[in-house]
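Undergrad: Got a structure for you, questions after.
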Amino acid sequence: MSDSEQFVDQFIDDYFSECDEHLATVRRVLLALEDDPSGAATQGGMLELQRALHTIKGLSGMVGLAAAEQVAHTMEDGVRAIGKHPTVVRPALLELLFAGENLLEQAIASRRRHGAPPPTDAYVARMRGAIGHGAGFVGAPVQHVPGMGLALSSDASVVSVEAGARQRFDFTPSAAASARGTGVETVRRWLLSLGEIVEATPRVRAEGGVTFEFVVAMRRGAQPIEEWRADGLEWADFEVMPREAPADMPDAARAATPAANLVRVDLARLDDVMRMVGEMVLTRSRLDAVIERMASRHLGEQEDLEEANEALERQLRNLREGVMRIRLVPIGEVFERMRFAVREMARESGAVIRLDFEGGATEIDKVVVDRMLEPLMHLVRNSVSHGIESRTQRLAAGKPAEGRVSLRARAAGDRIMLEIEDDGAGLDAARVASRARELGLMPRNGRLDDETMLDLVCTPGFSTRDQADMGSGRGVGMSVVRSAVRALGGELFLQSRAGLGACFTIELPLTLMIADAIIVQVGEQVMAIPQLSLREIVPMEELVLTRMENNEMVSYRGGVLPLVRLASLFGFPTTVAANRGHVLVVGSDSQMAGLVVDRLQGLREIVMHPISDPLVTVTGVSGATELADGRVSLILDAAALVRRTTREAHGSTR
Amino acid sequence: MRKVLVVDDSATMRRMIIATLTSLGSVAFEQAVSGLEAIERLTLSPIDLVMLDLNMPDMHGLEVLRFMRAQESLRDIPVVILTTRGDEESRSAALRDGVSLYLTKPFNPPDLAVQVRTLLEGAAA
C-alpha cells in the first residue's frame, strides 16, 4: 500500500460517516425545496445544501473518489443556478438534483464495496444542459459567485425579516467560560434554537478582546434562557415590535438546528464499555459465591455484605441498561429515507403515493437501524411497485386514487415492532400458488395461509415476476429480507388481505451485541468464539503433545500450554484424530489455554444472545447465536475456560 | 512548541490536516469548526499559524482573514487558506487581503507538510 493510500485508508470510515450526515442534509433540503414552490422559506436551507455538497466534494477529492467529487461539484452548480433564477429552471433542476443525490450515494457506496464507481459524464452533461437552458432564458450566463457568497448574503437577511422579530445578542468569550465548555459555537447553537442567525460579526473591544454581535430573526414565542447570561451572553429585553410571522419555522428548518448536547461516540468504544460492564458482572458473581461460602461462619456481617452485593447487582444492571440506551437512535431517520425512495419511485411510475409515519421517535439500536435500512427499503419498494394498484384499477375497485403506505414503529417490552402496511391489492395468492406448483413447493393440503405464503415468497429464487422492474428488482429479495431480520434475532410476519392490502411486521430485539467470531466445528457441533478473546490459531500437527497426569500440554513460545479438548469437555464424539485439528490459543499472558477443535469454518459476525436462565448455564458457554444458515451455535466463553483449566492444572500438580 | 489553529467545518478534514502536520513534530493544535470560533480561539490563546477553510457557516474564511489583518495583535500571524477546488475566484481576493499561502483541496499530505514547515520556520526567524 502506498503512503497516500495509507493516508486515505486511515480516514475512510470518517469519510463514510461524515458523507452520510451531509447526504441526509441534502435529502432533507431537497424535499423541503420541493414542498416550497416559492423558495422563500428555504433560503437558509439552500446555503446548507451548498455547504453539504461542497464538503462532500472536498472530502471525496481527498479520498480520491473522483466520481463523487464531480457529481457534488455539478450539483453545487445546479443549486447556485436555482438560487439565481428561482422560477424558470427550478423544476427541471430540482429533478436533476434528486438524481444527483442518488448518484452520489451510489458513488460512495461503490467505494464502500471496493467496486467500480457509476458513470457520471451523462449526468454532468444533463445538468450543464439544464443550467444553460435556464441561463439562456433570462439572458445571463451563470456565474460563480466569489467565495460562493455564503457569508451572510443579503438574500438570507431579506428572508429572515419576514420570519419574525429581530433580536440582538452580544457574546464576549472568556477563558473562564471556555474552560466550562462555553464558546461561540455553543452560543451559536443556543441562538439557532431561537430562530435564524441573520448576522454574526466580531467586534474588537476597546479594552481588548472581542465581542460577537449576533442578530437573530426570532421564531415566534422563542425566549432566551436567563442562565445564558452567566456564560457571557448579553441581550436587551425584548423591545422590538414582533412582526407578524407567517408561520412557525418549518419542520425541516427546526430539524436542521443541531441539538446542543449531542456527542458522537464511536460504536467500538461503547462496545468496550459494554465489555467492561460484562467483566464486572462476572466479578460480582464471584463475590456471590464467596458470600455463600461465608454464610455458615460469620452470621452478622454476612447479612450486610449480602445487602451491599444486592445493591451492586442492581446498580450493575442499571449501568448495563444505561450503556445499551446510548446505542439507541430514533428510527425516524430511516423513515425519512423511505420518503425519499418512495418519491423517486412514484416519479418513475407516475403513481400517487402517500407515505405515513407513526412512531418515528421510537428508539432502536444503531446497528439494528443500519441493518434494517435495506430490508425496509425493499419492503416499501415492494409495496409501491407490486402492492399498490394502478390508478384505474384503484378507482374501479372503489379505492381512492392515491395509494397509501404506512410505516409504523413501536416498542413492546424489549422488542421493537416495525410495520410496513399498504392499501394495495394484497399478495396475489393465485400467482404465488402457481409459482409454488412450478417449483414443487405447494403444500399438500393446498392451503395458502399468510404464514405459508410468507415462507414461499421468502424462498430463494421464488420471485413471481418474470422481469424484475426498476423499483424492486435491485437490492435484495424477500429471502434476504427475512434472513437479515433473523440474523438480528428477529422475525418477519405477514398479514395479507386480498384486495385490501398487505402488512409486513418485523419484530426485533431492542438491543443486541455484535461481535466478530471464529466459527469452529467440534464433533458435529458448530461453536463460535469471539475473535477478541483469541490470541493465535495453531494447527495441531505443528505442536508436540506431552501428557502430565490427566492433562495434555504442548510447548508453546518457550512455555507450556495446557490443552482443553472441547469435544471431550462437552461430551461430543470427535471426528478427527488426536494429533489433528486446530488449537485456539486464548487467555492472558499469565494464564493461557489452548482449545482444541476439529475444524475451522471461518470468521463471521455474530449476534450474541446471552444465556440468562440459571438452569441452563454451562461453564465455558456464554451464550448462543444463530448462524446465517439457521443453525444455532453456542458461543464459547474463553475466559471461563482458561480459569477452569488453570484451576485443574494447579489441582493436579499439587 | 508551535501552535497551529485548524479551521474547517468538516471534522474529517480537520483530522486529515492535523494528521498531516503532526509529522512536522513539536506542533500543537487547536481546532475551530467555524470562522467565528476561529476568531474566538485567536483572541483567547496565542496562535502561530492558521490553516483556514473558506466556505463555512455564518462567517466566511475571507472575513476571518480580513478581521485578522485589521488587528494589530493578529496581523502578523501566517494564514494558509486551504479551500476546496472550485473557489478559484477567491484566490485574488485572498492574496489582496494578505494570505500567506493559498492552497486547494484535495491536498497532497507531504507537500502540505513541507509548505507549512517553511512558513513556520520563516515566522520563527
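Here, A, B, ... name the chains of the C-alpha cells in the order displayed, residue numbers run from 1 inside each chain, and ligands are numbered from 1 in the same displayed order.
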Compile the contact shell of Arg205 in chain A as a PDB file with N, CA, C and O atoms, in the first residue's frame: residues with an atom at most 12 Å away, counting only C-alpha atoms, same-chain residues fewer than 5 positions apart removed.
TA:
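Below you can see result-v8.pdb, which holds the result:
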```pdb
ATOM      1  N   ASP A 170     -25.169  39.819  22.292  1.00  0.00           N
ATOM      2  CA  ASP A 170     -23.717  40.021  22.316  1.00  0.00           C
ATOM      3  C   ASP A 170     -23.073  38.917  23.143  1.00  0.00           C
ATOM      4  O   ASP A 170     -23.507  38.641  24.251  1.00  0.00           O
ATOM      5  N   PHE A 171     -22.042  38.340  22.588  1.00  0.00           N
ATOM      6  CA  PHE A 171     -21.321  37.324  23.359  1.00  0.00           C
ATOM      7  C   PHE A 171     -19.852  37.693  23.452  1.00  0.00           C
ATOM      8  O   PHE A 171     -19.189  37.919  22.451  1.00  0.00           O
ATOM      9  N   THR A 172     -19.347  37.756  24.664  1.00  0.00           N
ATOM     10  CA  THR A 172     -17.942  38.045  24.874  1.00  0.00           C
ATOM     11  C   THR A 172     -17.269  36.796  25.411  1.00  0.00           C
ATOM     12  O   THR A 172     -17.550  36.367  26.531  1.00  0.00           O
ATOM     13  N   PRO A 173     -16.424  36.152  24.597  1.00  0.00           N
ATOM     14  CA  PRO A 173     -15.777  34.935  25.079  1.00  0.00           C
ATOM     15  C   PRO A 173     -14.785  35.253  26.194  1.00  0.00           C
ATOM     16  O   PRO A 173     -14.210  36.332  26.208  1.00  0.00           O
ATOM     17  N   VAL A 210     -12.638  40.487  22.193  1.00  0.00           N
ATOM     18  CA  VAL A 210     -13.582  40.550  21.092  1.00  0.00           C
ATOM     19  C   VAL A 210     -14.993  40.293  21.605  1.00  0.00           C
ATOM     20  O   VAL A 210     -15.172  39.575  22.582  1.00  0.00           O
ATOM     21  N   THR A 211     -15.958  40.933  20.976  1.00  0.00           N
ATOM     22  CA  THR A 211     -17.352  40.625  21.276  1.00  0.00           C
ATOM     23  C   THR A 211     -18.036  40.237  19.973  1.00  0.00           C
ATOM     24  O   THR A 211     -17.856  40.905  18.955  1.00  0.00           O
ATOM     25  N   PHE A 212     -18.785  39.154  20.020  1.00  0.00           N
ATOM     26  CA  PHE A 212     -19.540  38.736  18.829  1.00  0.00           C
ATOM     27  C   PHE A 212     -20.939  39.307  18.897  1.00  0.00           C
ATOM     28  O   PHE A 212     -21.643  39.118  19.893  1.00  0.00           O
ATOM     29  N   GLU A 213     -21.302  40.018  17.844  1.00  0.00           N
ATOM     30  CA  GLU A 213     -22.659  40.556  17.791  1.00  0.00           C
ATOM     31  C   GLU A 213     -23.502  39.673  16.883  1.00  0.00           C
ATOM     32  O   GLU A 213     -23.195  39.519  15.706  1.00  0.00           O
TER      33      GLU A 213
ATOM     34  N   THR B  43      -8.371  35.008  19.863  1.00  0.00           N
ATOM     35  CA  THR B  43      -8.319  36.041  20.898  1.00  0.00           C
ATOM     36  C   THR B  43      -8.075  35.444  22.272  1.00  0.00           C
ATOM     37  O   THR B  43      -7.697  36.155  23.192  1.00  0.00           O
ATOM     38  N   GLN B  71      -6.321  43.621  12.738  1.00  0.00           N
ATOM     39  CA  GLN B  71      -5.990  43.680  14.164  1.00  0.00           C
ATOM     40  C   GLN B  71      -4.481  43.724  14.360  1.00  0.00           C
ATOM     41  O   GLN B  71      -3.775  42.856  13.851  1.00  0.00           O
TER      42      GLN B  71
END
```
Undergrad: Contacts between chain A and chain B, please, where a residue of chain B counts if it comes within 6 Å (with only C-alpha atoms); show its shortest atom pair and distance in Å to one decimal, rows by chain and ascending number, as CSV.
TA:
```
residue,atom,partner,partner_atom,distance
B:Thr12,CA,A:Asp14,CA,5.8
B:Glu37,CA,A:Val184,CA,5.8
B:Asp58,CA,A:Ala151,CA,5.7
B:Met59,CA,A:Ala151,CA,5.3
B:His60,CA,A:Ala151,CA,5.0
B:Thr84,CA,A:Gly58,CA,5.2
B:Asp87,CA,A:Gly147,CA,5.9
B:Glu89,CA,A:Pro146,CA,5.3
B:Ser90,CA,A:Gly147,CA,5.5
B:Pro106,CA,A:Met62,CA,4.7
```
Undergrad: Let me see the file: selected residues, all heavy atoms, as a compact mmCIF listing (two decimals), in the first residue's frame.
TA:
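Output (selection-v5.txt):
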```
# COMPACT_ATOMS: atom_id res chain seq x y z
N THR B 12 -13.71 15.51 9.54
CA THR B 12 -12.79 14.59 8.86
C THR B 12 -11.63 15.38 8.25
O THR B 12 -10.47 14.97 8.35
CB THR B 12 -13.54 13.83 7.76
OG1 THR B 12 -14.70 13.23 8.33
CG2 THR B 12 -12.67 12.76 7.14
N GLU B 37 -15.63 30.75 15.54
CA GLU B 37 -14.84 30.06 16.55
C GLU B 37 -13.35 30.31 16.34
O GLU B 37 -12.58 30.40 17.30
CB GLU B 37 -15.13 28.56 16.55
CG GLU B 37 -14.74 27.93 17.87
CD GLU B 37 -15.00 26.43 17.95
OE1 GLU B 37 -15.19 25.78 16.90
OE2 GLU B 37 -15.00 25.91 19.06
N ASP B 58 -21.96 31.13 8.63
CA ASP B 58 -22.03 32.40 9.36
C ASP B 58 -20.86 33.35 9.18
O ASP B 58 -21.01 34.55 9.21
CB ASP B 58 -22.27 32.18 10.86
CG ASP B 58 -23.70 31.74 11.13
OD1 ASP B 58 -24.55 32.03 10.26
OD2 ASP B 58 -23.94 31.12 12.16
N MET B 59 -19.65 32.85 9.02
CA MET B 59 -18.56 33.77 8.78
C MET B 59 -17.58 33.11 7.81
O MET B 59 -16.98 32.09 8.12
CB MET B 59 -17.85 34.15 10.07
CG MET B 59 -16.86 35.26 9.87
SD MET B 59 -16.12 35.76 11.43
CE MET B 59 -15.16 37.17 10.89
N HIS B 60 -17.44 33.70 6.66
CA HIS B 60 -16.62 33.15 5.60
C HIS B 60 -15.14 33.29 5.96
O HIS B 60 -14.75 34.21 6.70
CB HIS B 60 -16.93 33.95 4.32
CG HIS B 60 -16.40 33.31 3.08
ND1 HIS B 60 -15.18 33.63 2.57
CD2 HIS B 60 -16.93 32.37 2.26
CE1 HIS B 60 -14.98 32.92 1.46
NE2 HIS B 60 -16.04 32.15 1.25
N THR B 84 -11.53 24.06 -0.96
CA THR B 84 -11.87 23.06 -1.97
C THR B 84 -11.80 23.65 -3.36
O THR B 84 -12.27 24.76 -3.59
CB THR B 84 -13.27 22.50 -1.69
OG1 THR B 84 -13.29 21.99 -0.37
CG2 THR B 84 -13.62 21.40 -2.67
N ASP B 87 -13.22 27.18 -5.95
CA ASP B 87 -13.39 28.54 -5.42
C ASP B 87 -12.30 29.47 -5.93
O ASP B 87 -11.97 30.45 -5.29
CB ASP B 87 -13.27 28.54 -3.88
CG ASP B 87 -14.45 27.86 -3.25
OD1 ASP B 87 -15.45 27.66 -3.95
OD2 ASP B 87 -14.36 27.54 -2.06
N GLU B 89 -12.00 31.83 -7.71
CA GLU B 89 -12.27 33.27 -7.75
C GLU B 89 -11.83 33.95 -6.47
O GLU B 89 -11.57 35.14 -6.45
CB GLU B 89 -13.76 33.53 -7.98
CG GLU B 89 -14.29 33.00 -9.29
CD GLU B 89 -14.64 31.52 -9.20
OE1 GLU B 89 -14.33 30.91 -8.17
OE2 GLU B 89 -15.21 31.01 -10.16
N SER B 90 -11.80 33.19 -5.38
CA SER B 90 -11.43 33.81 -4.10
C SER B 90 -9.94 34.05 -3.99
O SER B 90 -9.49 34.75 -3.12
CB SER B 90 -11.85 32.91 -2.94
OG SER B 90 -13.09 32.33 -3.18
N PRO B 106 -8.34 18.70 -3.15
CA PRO B 106 -7.53 17.79 -2.35
C PRO B 106 -6.06 18.20 -2.30
O PRO B 106 -5.53 18.66 -3.30
CB PRO B 106 -7.69 16.45 -3.07
CG PRO B 106 -8.15 16.77 -4.44
CD PRO B 106 -8.90 18.06 -4.35
```
Undergrad: Can you list every residue in range 35-109 of chain B that DSSP puts in strand (DSSP E or B), as a PyMOL selection string?
TA: chain B and resi 49-52+79-84+101-105
Undergrad: Counting only C-alpha atoms, figure out which residue out of A:Ala638, A:Ser568, A:Ala528, A:Gly83 gets nearest to Gly602 in chain A.
TA: A:Ala528
Undergrad: Find, counting only C-alpha atoms, the residue in B:Ser23, B:Leu103, B:Leu54, B:Leu112 that gets nearest to Ser10 in chain B.
TA: B:Leu54
Undergrad: Looking only at the backbone, which of the residues in range 7-123 of chain B does DSSP tag as helix (DSSP H, G or I), as a ChimeraX atom specification?
TA: /B:11-22,35-44,61-70,89-96,109-123
Undergrad: Give me, as a PyMOL selection string, all polymer residues having an atom no more than 12 Å from Arg96 in chain B, counting only C-alpha atoms and skipping those fewer than 5 positions away in the same chain.
TA: chain B and resi 62+65-66+69+90-91+101-102
Undergrad: Pick from A:Pro509, A:Gly477, A:Gly115, A:Gly78: nearest to Glu363 in chain A, with only C-alpha atoms counted?
TA: A:Pro509
Undergrad: Name the closest residue to Gly44 in chain A among the candidates B:Pro57, B:Gly35, B:Lys3, B:Ile17; distances are taken between atoms, counting only C-alpha atoms.
TA: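 Distance minimum relative to Gly44 in chain A lands on B:Pro57.
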Undergrad: So the first atom is CA of Met372 in chain A and the second is CA of Ser479 in chain A; what is the distance between them in Å, to one decimal place?
TA: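 CA of Ser479 in chain A lies 14.0 Å from CA of Met372 in chain A.
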Undergrad: For Leu534 in chain A, find every residue with an atom within 12 Å (counting only C-alpha atoms), except residues of its own chain fewer than 6 positions away, and show them as a ChimeraX atom specification.
TA: /A:516-519,528,583-588,592-595,603,636-639,642
Undergrad: Residues near Met274 in chain A, anyone? I mean within 8 Å using only C-alpha atoms, not counting same-chain ones fewer than 6 positions away, as a PyMOL selection string.
TA: chain A and resi 320+323-324
Undergrad: Quick one: residues within 6 Å of Leu82 in chain B, only C-alpha atoms counted, chain neighbours fewer than 5 positions away excluded, as JSON, numbers by chain?
TA: {"B": [52, 53, 103, 104]}
Undergrad: Record the distance separating CA of Thr625 in chain A and CA of Ile416 in chain A, expressed in Å with one decimal.
TA: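 Spanning CA of Thr625 in chain A to CA of Ile416 in chain A is a straight-line distance of 19.2 Å.
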Undergrad: What is the distance, in Å and to one decimal place, between CA of Gly387 in chain A and CA of Glu105 in chain A?
TA: 26.5 Å
